[in-house]
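Reading through the structure tokens given below for one structure.
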Amino acid sequence: MQPLYTHVENTWQAIRVPLISLFILFHTFALLLWTSPPFPLYWSIVPLIRPYVCYFGFWNQWKMFSHPKNWTLYLTANVTLQDGQILKWDFPRMENLPYMTRAQKERYREWAHEYVNQNEYKTICPEASRFIARNIQNANAQPVSVQLVRHWTWIQPPPGLGEPLPSGEFEYAFFTYNVRPEDLR
């Protein structure tokens, strides 16, 4: 009679390749389905894979492939303190981060660009402002207001393929929040 260890090892040797192949197939199917545009059976299948995709952070939206932008964008915040001093707070910018940190901070960039920056998600701006105020707290002076600022530059079309766009960096303060004492707790 074989020892239990040998039996388990033989069983694993027999099933590991099909099991790993099945996992790779499931993972590929889940991500392709998740990033595909909706189709008739889409809403019947997606709830089955949602726990897997969301738990491991693989979620994304179809709009990641749609409407290429002709500008580059980043967000900052101007935080006014009680003593009148204005501090600048930067949302994470991928081009300024080391490669390993980029993967960790990408969701913050996506949150800033796809939600905080968009007019259709205005309800997020107060919470983003409170978050920034809590991160700026200073022993000498507390934040009294947070102003969210959008910065962008236009990407010029290739020569002969469109009219040139304005050059230089532009900015626009799109939201101002007056910080309350309870926001800093």
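Naming scheme: A, B, ... for chains in displayed order of the structure tokens; residues 1 onward per chain; ligands 1 onward as shown.
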Practice prompt. Would you return as a VMD selection string the members of chain A that DSSP assigns to helix (DSSP H, G or I) on this structure's backbone?
Written response: chain A and resid 4 to 35 42 to 55 62 to 65 94 to 96 99 to 116 119 to 121 124 to 136 181 to 184
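The shell of residues at most 7 Å from region 141-153 of chain A, with only C-alpha atoms counted and near chain neighbours (fewer than 4 positions) removed, consists of Trp71, Thr72, Leu73, Tyr74, Leu75, Thr76, Ala77, Asn78, Val79, Thr80, Leu81, Gln82, Asp83, Ser129, Ala133, Gln137, Ser167, Gly168, Glu169, Phe170, Glu171, Tyr172, Ala173, Phe174, Phe175, Thr176, Tyr177, Asn178 and Val179 of chain A.
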Fill in: DSSP-assigned strand (DSSP E) members of chain A, reported as a count of residues only
38
Worksheet item: CA of Phe58 (chain A) and CA of Trp34 (chain A) are how many Å apart?
Response: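 The value is 8.9 Å.
The shell of residues at most 12 Å from Trp59 (chain A), with only C-alpha atoms counted and near chain neighbours (fewer than 4 positions) removed, consists of Ala30, Leu31, Leu32, Leu33, Trp34, Thr35, Ser36, Val46, Ile49, Arg50, Pro51, Tyr52, Val53, Cys54, Tyr55, Met64, Arg107 and Glu110 of chain A.
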Restrict the selected residues to C-alpha atoms and save them as a short mmCIF file (atom, residue, chain, number, x, y, z; two decimals), in the first residue's frame.
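Ended up saving to out26.cif:
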data_model
loop_
_atom_site.label_atom_id
_atom_site.label_comp_id
_atom_site.auth_asym_id
_atom_site.auth_seq_id
_atom_site.Cartn_x
_atom_site.Cartn_y
_atom_site.Cartn_z
CA ALA A 30 -13.91 36.73 -17.23
CA LEU A 31 -11.69 39.64 -18.26
CA LEU A 32 -12.78 39.55 -21.90
CA LEU A 33 -16.42 39.50 -20.85
CA TRP A 34 -15.92 42.27 -18.29
CA THR A 35 -14.26 44.62 -20.79
CA SER A 36 -16.58 43.86 -23.69
CA VAL A 46 -21.67 39.40 -15.46
CA ILE A 49 -18.07 36.74 -12.42
CA ARG A 50 -18.45 40.07 -10.56
CA PRO A 51 -17.20 38.73 -7.17
CA TYR A 52 -14.02 37.35 -8.74
CA VAL A 53 -13.30 40.43 -10.87
CA CYS A 54 -14.01 42.97 -8.11
CA TYR A 55 -12.30 41.10 -5.27
CA MET A 64 -11.43 52.61 -21.19
CA ARG A 107 -6.85 53.47 -9.23
CA GLU A 110 -8.59 56.72 -12.51
#
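The interatomic distance for the pair CA of Leu41 (chain A) and CA of Phe23 (chain A) works out to 22.2 Å.
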Practice prompt. Find the residues around Glu106 (chain A) up to 9 Å (only C-alpha atoms counted), leave out those fewer than 3 positions away in its own chain, and share them as a PyMOL selection string.
Written response: chain A and resi 92-94+101-103+109-111
